[in-house]
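Source file: protein11.tsv; contents: TSV, C-alpha atoms.
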chain	number	residue	atom	x	y	z
A	1	MET	CA	96.85	97.71	122.60
A	2	GLY	CA	95.68	95.99	119.42
A	3	TYR	CA	93.64	97.18	116.46
A	4	TYR	CA	90.34	96.25	114.86
A	5	TYR	CA	90.05	95.57	111.12
A	6	THR	CA	86.69	95.46	109.33
A	7	ALA	CA	86.62	94.21	105.72
A	8	ILE	CA	83.56	95.30	103.74
A	9	GLY	CA	82.56	94.53	100.18
A	10	ASP	CA	81.81	92.02	97.49
A	11	SER	CA	83.19	88.58	96.56
A	12	LEU	CA	86.78	89.89	96.60
A	13	THR	CA	86.37	90.66	100.29
A	14	LYS	CA	84.63	87.31	100.77
A	15	GLY	CA	87.54	85.56	99.02
A	16	ALA	CA	85.65	83.83	96.20
A	17	GLY	CA	87.99	81.72	94.08
A	18	ALA	CA	90.66	81.48	96.75
A	19	TRP	CA	89.64	78.08	98.13
A	20	LEU	CA	91.76	77.67	101.26
A	21	SER	CA	93.52	81.05	101.44
A	22	GLY	CA	90.41	83.10	102.31
A	23	GLY	CA	91.19	85.96	99.93
A	24	PHE	CA	93.10	89.20	100.48
A	25	ALA	CA	91.59	90.25	103.82
A	26	PRO	CA	93.21	87.65	106.13
A	27	LEU	CA	96.53	88.12	104.32
A	28	TYR	CA	96.31	91.88	104.76
A	29	ARG	CA	95.48	91.41	108.44
A	30	GLN	CA	98.66	89.37	108.89
A	31	MET	CA	100.71	92.01	107.11
A	32	ALA	CA	99.16	94.72	109.27
A	33	GLU	CA	100.03	92.83	112.43
A	34	GLU	CA	103.65	92.56	111.34
A	35	ARG	CA	103.91	96.25	110.45
A	36	LEU	CA	102.00	97.55	113.46
A	37	ARG	CA	103.65	95.05	115.82
A	38	THR	CA	100.44	94.29	117.66
A	39	SER	CA	97.37	92.12	117.30
A	40	VAL	CA	94.74	92.99	114.71
A	41	ASN	CA	91.26	91.61	115.39
A	42	TYR	CA	89.49	90.91	112.13
A	43	GLU	CA	85.89	90.80	110.93
A	44	ASN	CA	84.92	89.97	107.35
A	45	LEU	CA	81.60	91.41	106.15
A	46	GLY	CA	82.06	90.42	102.50
A	47	VAL	CA	78.97	89.37	100.52
A	48	ASN	CA	79.20	87.53	97.21
A	49	GLY	CA	77.56	89.48	94.40
A	50	LEU	CA	77.28	92.69	96.42
A	51	THR	CA	76.69	95.89	94.44
A	52	SER	CA	77.10	99.48	95.54
A	53	ASP	CA	73.34	100.07	95.62
A	54	LYS	CA	73.00	97.18	98.11
A	55	LEU	CA	76.00	98.18	100.20
A	56	LEU	CA	74.86	101.79	100.64
A	57	PRO	CA	71.73	100.98	102.71
A	58	MET	CA	73.78	98.48	104.74
A	59	VAL	CA	76.22	101.20	105.71
A	60	ARG	CA	73.39	103.64	106.38
A	61	ASN	CA	70.92	101.43	108.23
A	62	ASN	CA	72.36	98.03	109.22
A	63	GLN	CA	73.36	98.34	112.87
A	64	TYR	CA	75.75	95.40	112.67
A	65	PHE	CA	77.64	97.03	109.79
A	66	ARG	CA	77.64	100.42	111.49
A	67	THR	CA	78.96	99.01	114.75
A	68	ALA	CA	81.73	97.15	112.91
A	69	ILE	CA	82.71	100.33	111.07
A	70	ASN	CA	82.52	102.41	114.24
A	71	ARG	CA	84.98	100.24	116.16
A	72	ALA	CA	87.36	99.63	113.26
A	73	ASP	CA	90.80	101.20	113.13
A	74	ILE	CA	91.35	99.69	109.67
A	75	ILE	CA	88.60	99.48	107.06
A	76	THR	CA	88.91	97.98	103.58
A	77	VAL	CA	86.18	98.23	100.96
A	78	SER	CA	85.92	96.36	97.66
A	79	ILE	CA	82.87	97.43	95.66
A	80	GLY	CA	81.91	98.43	92.14
A	81	ALA	CA	82.90	95.47	89.97
A	82	ASN	CA	79.48	93.80	90.20
A	83	ASP	CA	77.78	97.06	89.20
A	84	LEU	CA	79.69	97.12	85.92
A	85	ARG	CA	80.08	93.40	85.15
A	86	PRO	CA	76.70	92.78	83.42
A	87	TYR	CA	77.42	95.57	80.94
A	88	ALA	CA	81.00	94.43	80.50
A	89	LYS	CA	79.74	90.95	79.59
A	90	ALA	CA	77.40	92.51	77.05
A	91	LEU	CA	80.39	94.24	75.49
A	92	THR	CA	82.18	90.92	75.11
A	93	GLY	CA	79.35	90.01	72.75
A	94	ARG	CA	79.74	93.40	71.02
A	95	SER	CA	76.26	94.44	72.16
A	96	GLY	CA	75.44	98.10	71.75
A	97	THR	CA	73.42	98.01	74.97
A	98	GLY	CA	76.61	97.19	76.85
A	99	ALA	CA	78.39	100.29	75.58
A	100	SER	CA	75.57	102.65	76.52
A	101	GLY	CA	74.65	100.85	79.73
A	102	ILE	CA	78.11	100.74	81.24
A	103	ALA	CA	78.45	104.53	81.11
A	104	GLN	CA	75.16	104.94	82.98
A	105	ALA	CA	76.11	102.19	85.44
A	106	LEU	CA	79.44	103.89	86.08
A	107	ASN	CA	77.72	107.15	86.99
A	108	ARG	CA	75.29	105.38	89.33
A	109	THR	CA	78.14	103.47	90.95
A	110	LYS	CA	80.14	106.65	91.49
A	111	GLY	CA	77.17	108.27	93.20
A	112	ASN	CA	76.62	105.28	95.49
A	113	VAL	CA	80.28	104.87	96.41
A	114	ARG	CA	80.68	108.58	97.12
A	115	GLN	CA	77.80	108.30	99.61
A	116	ILE	CA	79.23	105.08	101.11
A	117	VAL	CA	82.56	106.76	101.84
A	118	TYR	CA	80.79	109.86	103.16
A	119	GLU	CA	78.64	107.72	105.47
A	120	MET	CA	81.68	105.89	106.83
A	121	TYR	CA	83.27	109.23	107.70
A	122	ARG	CA	80.00	110.27	109.38
A	123	ILE	CA	80.03	107.09	111.49
A	124	LYS	CA	83.62	107.79	112.51
A	125	SER	CA	83.10	111.51	113.13
A	126	GLY	CA	83.91	112.72	116.61
A	127	GLN	CA	86.35	109.91	117.30
A	128	ARG	CA	89.79	110.92	118.50
A	129	ARG	CA	91.28	107.51	117.78
A	130	PRO	CA	92.91	107.49	114.32
A	131	PHE	CA	91.64	105.17	111.60
A	132	ILE	CA	92.36	104.37	107.96
A	133	ILE	CA	90.09	103.58	105.02
A	134	ARG	CA	91.51	101.56	102.12
A	135	MET	CA	89.54	101.09	98.92
A	136	VAL	CA	90.33	98.24	96.53
A	137	GLY	CA	90.24	99.30	92.88
A	138	VAL	CA	88.86	97.13	90.09
A	139	TYR	CA	90.61	95.22	87.32
A	140	ASN	CA	89.40	94.13	83.90
A	141	PRO	CA	88.53	90.42	83.70
A	142	PHE	CA	87.81	90.89	79.97
A	143	PRO	CA	91.17	92.11	78.67
A	144	SER	CA	90.16	91.58	75.04
A	145	VAL	CA	87.52	94.31	75.34
A	146	ARG	CA	89.22	97.70	75.40
A	147	GLU	CA	86.13	99.61	76.52
A	148	VAL	CA	85.89	97.64	79.75
A	149	GLY	CA	89.43	98.64	80.62
A	150	VAL	CA	88.63	102.29	79.91
A	151	TYR	CA	85.71	102.28	82.33
A	152	ALA	CA	87.65	100.34	84.97
A	153	ARG	CA	90.42	102.94	84.90
A	154	GLN	CA	87.88	105.78	85.06
A	155	TYR	CA	86.32	104.21	88.13
A	156	ASN	CA	89.69	103.74	89.82
A	157	SER	CA	90.58	107.37	89.11
A	158	PHE	CA	87.28	108.44	90.66
A	159	LEU	CA	88.01	106.39	93.81
A	160	SER	CA	91.32	108.14	94.37
A	161	GLY	CA	89.68	111.52	95.01
A	162	LEU	CA	87.07	110.62	97.61
A	163	GLY	CA	88.70	110.73	101.04
A	164	GLY	CA	91.10	112.61	103.26
A	165	GLY	CA	94.63	111.96	104.47
A	166	ASN	CA	93.69	108.66	106.09
A	167	TYR	CA	92.07	107.38	102.89
A	168	ARG	CA	93.95	105.66	100.07
A	169	VAL	CA	93.21	103.41	97.10
A	170	ALA	CA	94.95	100.21	96.07
A	171	ASP	CA	95.04	100.50	92.27
A	172	ILE	CA	95.33	96.84	91.31
A	173	TYR	CA	94.54	97.40	87.64
A	174	PRO	CA	98.17	97.64	86.42
A	175	SER	CA	99.15	94.45	88.24
A	176	PHE	CA	96.33	92.42	86.67
A	177	ALA	CA	96.64	93.88	83.15
A	178	GLY	CA	98.46	91.34	81.00
A	179	ASN	CA	98.73	88.86	83.87
A	180	GLU	CA	95.16	87.58	83.94
A	181	ARG	CA	96.13	83.93	83.37
A	182	GLU	CA	98.47	83.99	86.35
A	183	LEU	CA	96.24	85.97	88.72
A	184	LEU	CA	92.67	84.89	87.96
A	185	PHE	CA	90.82	81.79	89.16
A	186	LEU	CA	89.47	79.14	86.78
A	187	ASP	CA	86.24	81.12	86.38
A	188	GLY	CA	88.22	83.90	84.71
A	189	VAL	CA	86.57	86.51	86.94
A	190	HIS	CA	87.80	86.21	90.53
A	191	PRO	CA	91.43	86.29	91.64
A	192	ASN	CA	93.19	83.08	92.54
A	193	ALA	CA	95.37	82.73	95.65
A	194	ARG	CA	98.24	84.50	93.89
A	195	GLY	CA	95.94	87.31	92.78
A	196	TYR	CA	94.59	87.82	96.28
A	197	ARG	CA	98.11	87.95	97.70
A	198	MET	CA	98.94	90.66	95.19
A	199	ILE	CA	95.89	92.68	96.31
A	200	ALA	CA	96.95	92.32	99.95
A	201	GLN	CA	100.46	93.49	99.05
A	202	GLU	CA	99.10	96.53	97.21
A	203	LEU	CA	97.07	97.45	100.29
A	204	HIS	CA	100.09	96.90	102.50
A	205	ARG	CA	102.25	99.21	100.34
A	206	LEU	CA	99.87	102.07	101.09
A	207	GLY	CA	101.15	102.11	104.65
A	208	TYR	CA	99.24	102.58	107.88
A	209	PHE	CA	99.52	106.29	108.64
A	210	PRO	CA	98.20	107.71	110.94
A	211	LEU	CA	98.07	104.43	112.87
A	212	ARG	CA	101.85	104.13	112.61

Please rewrite the model in this file as structure tokens.
Amino acid sequence: MGYYYTAIGDSLTKGAGAWLSGGFAPLYRQMAEERLRTSVNYENLGVNGLTSDKLLPMVRNNQYFRTAINRADIITVSIGANDLRPYAKALTGRSGTGASGIAQALNRTKGNVRQIVYEMYRIKSGQRRPFIIRMVGVYNPFPSVREVGVYARQYNSFLSGLGGGNYRVADIYPSFAGNERELLFLDGVHPNARGYRMIAQELHRLGYFPLR
């Protein structure tokens, strides 16, 4: 019968830094096809630089986004890193504004993402056809700054409690920690092809219940 997969989010969804591989989303689609043993039609709605406060009105008001979410059996979302990155960069310079700002940014991001997930469930409400939502956690591209790692882990922990039985989170933080040179692109921020494959594998490990 086939499934529909909609990938939503920031530059990780877009595949920045991957050059020819296209990022984690096309890899995950291939893995899903193998596991589900049917075709998976795929649409990538990734936007470079996207923040949670920009994604929220898209999910609420953009009819193209809402239609793509409505028809999707599989939804992945990568969001939150761009909300925190400016403050994380400030911390690399040991700026006090970074330390205070990142805590406030984290709270704003949590509020936005909670509403994004809620709105996706509203769009899907009333449907009898099963679907899954998979969130992609964040990693720390500044491993020398302990505070950034603390906030990244807090955000990932927050993500894990948002959805129901068809909702799961790929916590990629442990896989990137200590392996940044192997998994990050030359810019030191985005994953490289190997990093994106790891993200796709983490999503794949979450399974596909209740689809299969």

- request: Find the residues around stretch 51-62 of chain A up to 8 Å (all atoms listed in the file counted), leave out those fewer than 2 positions away in its own chain, and share them as a VMD selection string.
  value: chain A and resid 9 to 10 49 64 to 66 79 to 83 109 112 to 113 115 to 116 119 to 120

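One finds atom CA of A:Val189 at 5.4 Å from atom CA of A:Pro141.
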
- request: Take atom CA of A:Phe131 and atom CA of A:Asp73 and report the distance between them in Å, one decimal.
  value: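 Rounded to one decimal, the two atoms are 4.3 Å apart.
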
Do a neighbour search on A:Ile74 at 8 Å with only C-alpha atoms, toss out local chain neighbours closer than 4 positions, and write the hits as a CSV table (one decimal) with C-alpha atoms, in the frame of the given file.
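Output saved as selection_30.csv:
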chain,number,residue,atom,x,y,z
A,3,TYR,CA,93.6,97.2,116.5
A,4,TYR,CA,90.3,96.2,114.9
A,5,TYR,CA,90.0,95.6,111.1
A,6,THR,CA,86.7,95.5,109.3
A,131,PHE,CA,91.6,105.2,111.6
A,132,ILE,CA,92.4,104.4,108.0
A,133,ILE,CA,90.1,103.6,105.0
A,134,ARG,CA,91.5,101.6,102.1

- request: Give as a ChimeraX atom specification every residue, naming chains and numbers as the document does, that has an atom within 7 Å of (74.9, 94.7, 81.1), counting all atoms listed in the file.
  value: /A:85-90,98,101-102

Give me a file of those residues, with C-alpha atoms, as a CSV table (one decimal), keeping the file's coordinate frame.
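Final file, again-v1.csv:
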chain,number,residue,atom,x,y,z
A,85,ARG,CA,80.1,93.4,85.2
A,86,PRO,CA,76.7,92.8,83.4
A,87,TYR,CA,77.4,95.6,80.9
A,88,ALA,CA,81.0,94.4,80.5
A,89,LYS,CA,79.7,91.0,79.6
A,90,ALA,CA,77.4,92.5,77.0
A,98,GLY,CA,76.6,97.2,76.8
A,101,GLY,CA,74.6,100.8,79.7
A,102,ILE,CA,78.1,100.7,81.2

task: Rank nothing, just name the residue among A:Tyr151, A:Tyr196, A:Tyr121, A:Tyr173 nearest to A:Gly22, using all atoms listed in the file.
output: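 Nearest candidate to A:Gly22 out of A:Tyr151, A:Tyr196, A:Tyr121, A:Tyr173: A:Tyr196.
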
query: What separation in Å, quoted to one decimal, exists between atom CA of A:Leu106 and atom CA of A:Gln154?
result: 8.7 Å

message: I need the residue nearest A:Ala193 from this list: A:Gly137, A:Pro210, A:Gly23, A:Gly149. Use all atoms listed in the file for the distance.
response: A:Gly23

field: Residue neighbourhood stretch 11-17 of chain A, 12 Å, only C-alpha atoms, exclusion window fewer than 4 positions, as an MDAnalysis selection string
entry: chainID A and resid 6:7 21:28 43:51 75:82 135:139 183:197 199:200

- request: Find the residues around A:Glu34 up to 12 Å (only C-alpha atoms counted), leave out those fewer than 4 positions away in its own chain, and share them as a VMD selection string.
  value: chain A and resid 2 27 to 30 38 to 40 204 207 to 208 212

Edge lengths and centre in Å to one decimal, as JSON, of the axis-aligned box that encloses all listed atoms of stretch 64-72 of chain A with 8 Å added on every side?
{"center_x": 81.6, "center_y": 98.9, "center_z": 113.0, "size_x": 27.6, "size_y": 23.0, "size_z": 22.4}

message: So, with only C-alpha atoms as the atoms that count, which of A:Gly164, A:Glu182, A:Arg122, A:Ala105 lies closest to A:Ala152?
response: A:Ala105

query: A:Ile8, A:Val145, A:Leu211, A:Arg71: which is nearest A:Gly165, counting all atoms listed in the file?
result: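 Counting all atoms listed in the file, the residue closest to A:Gly165 is A:Leu211.
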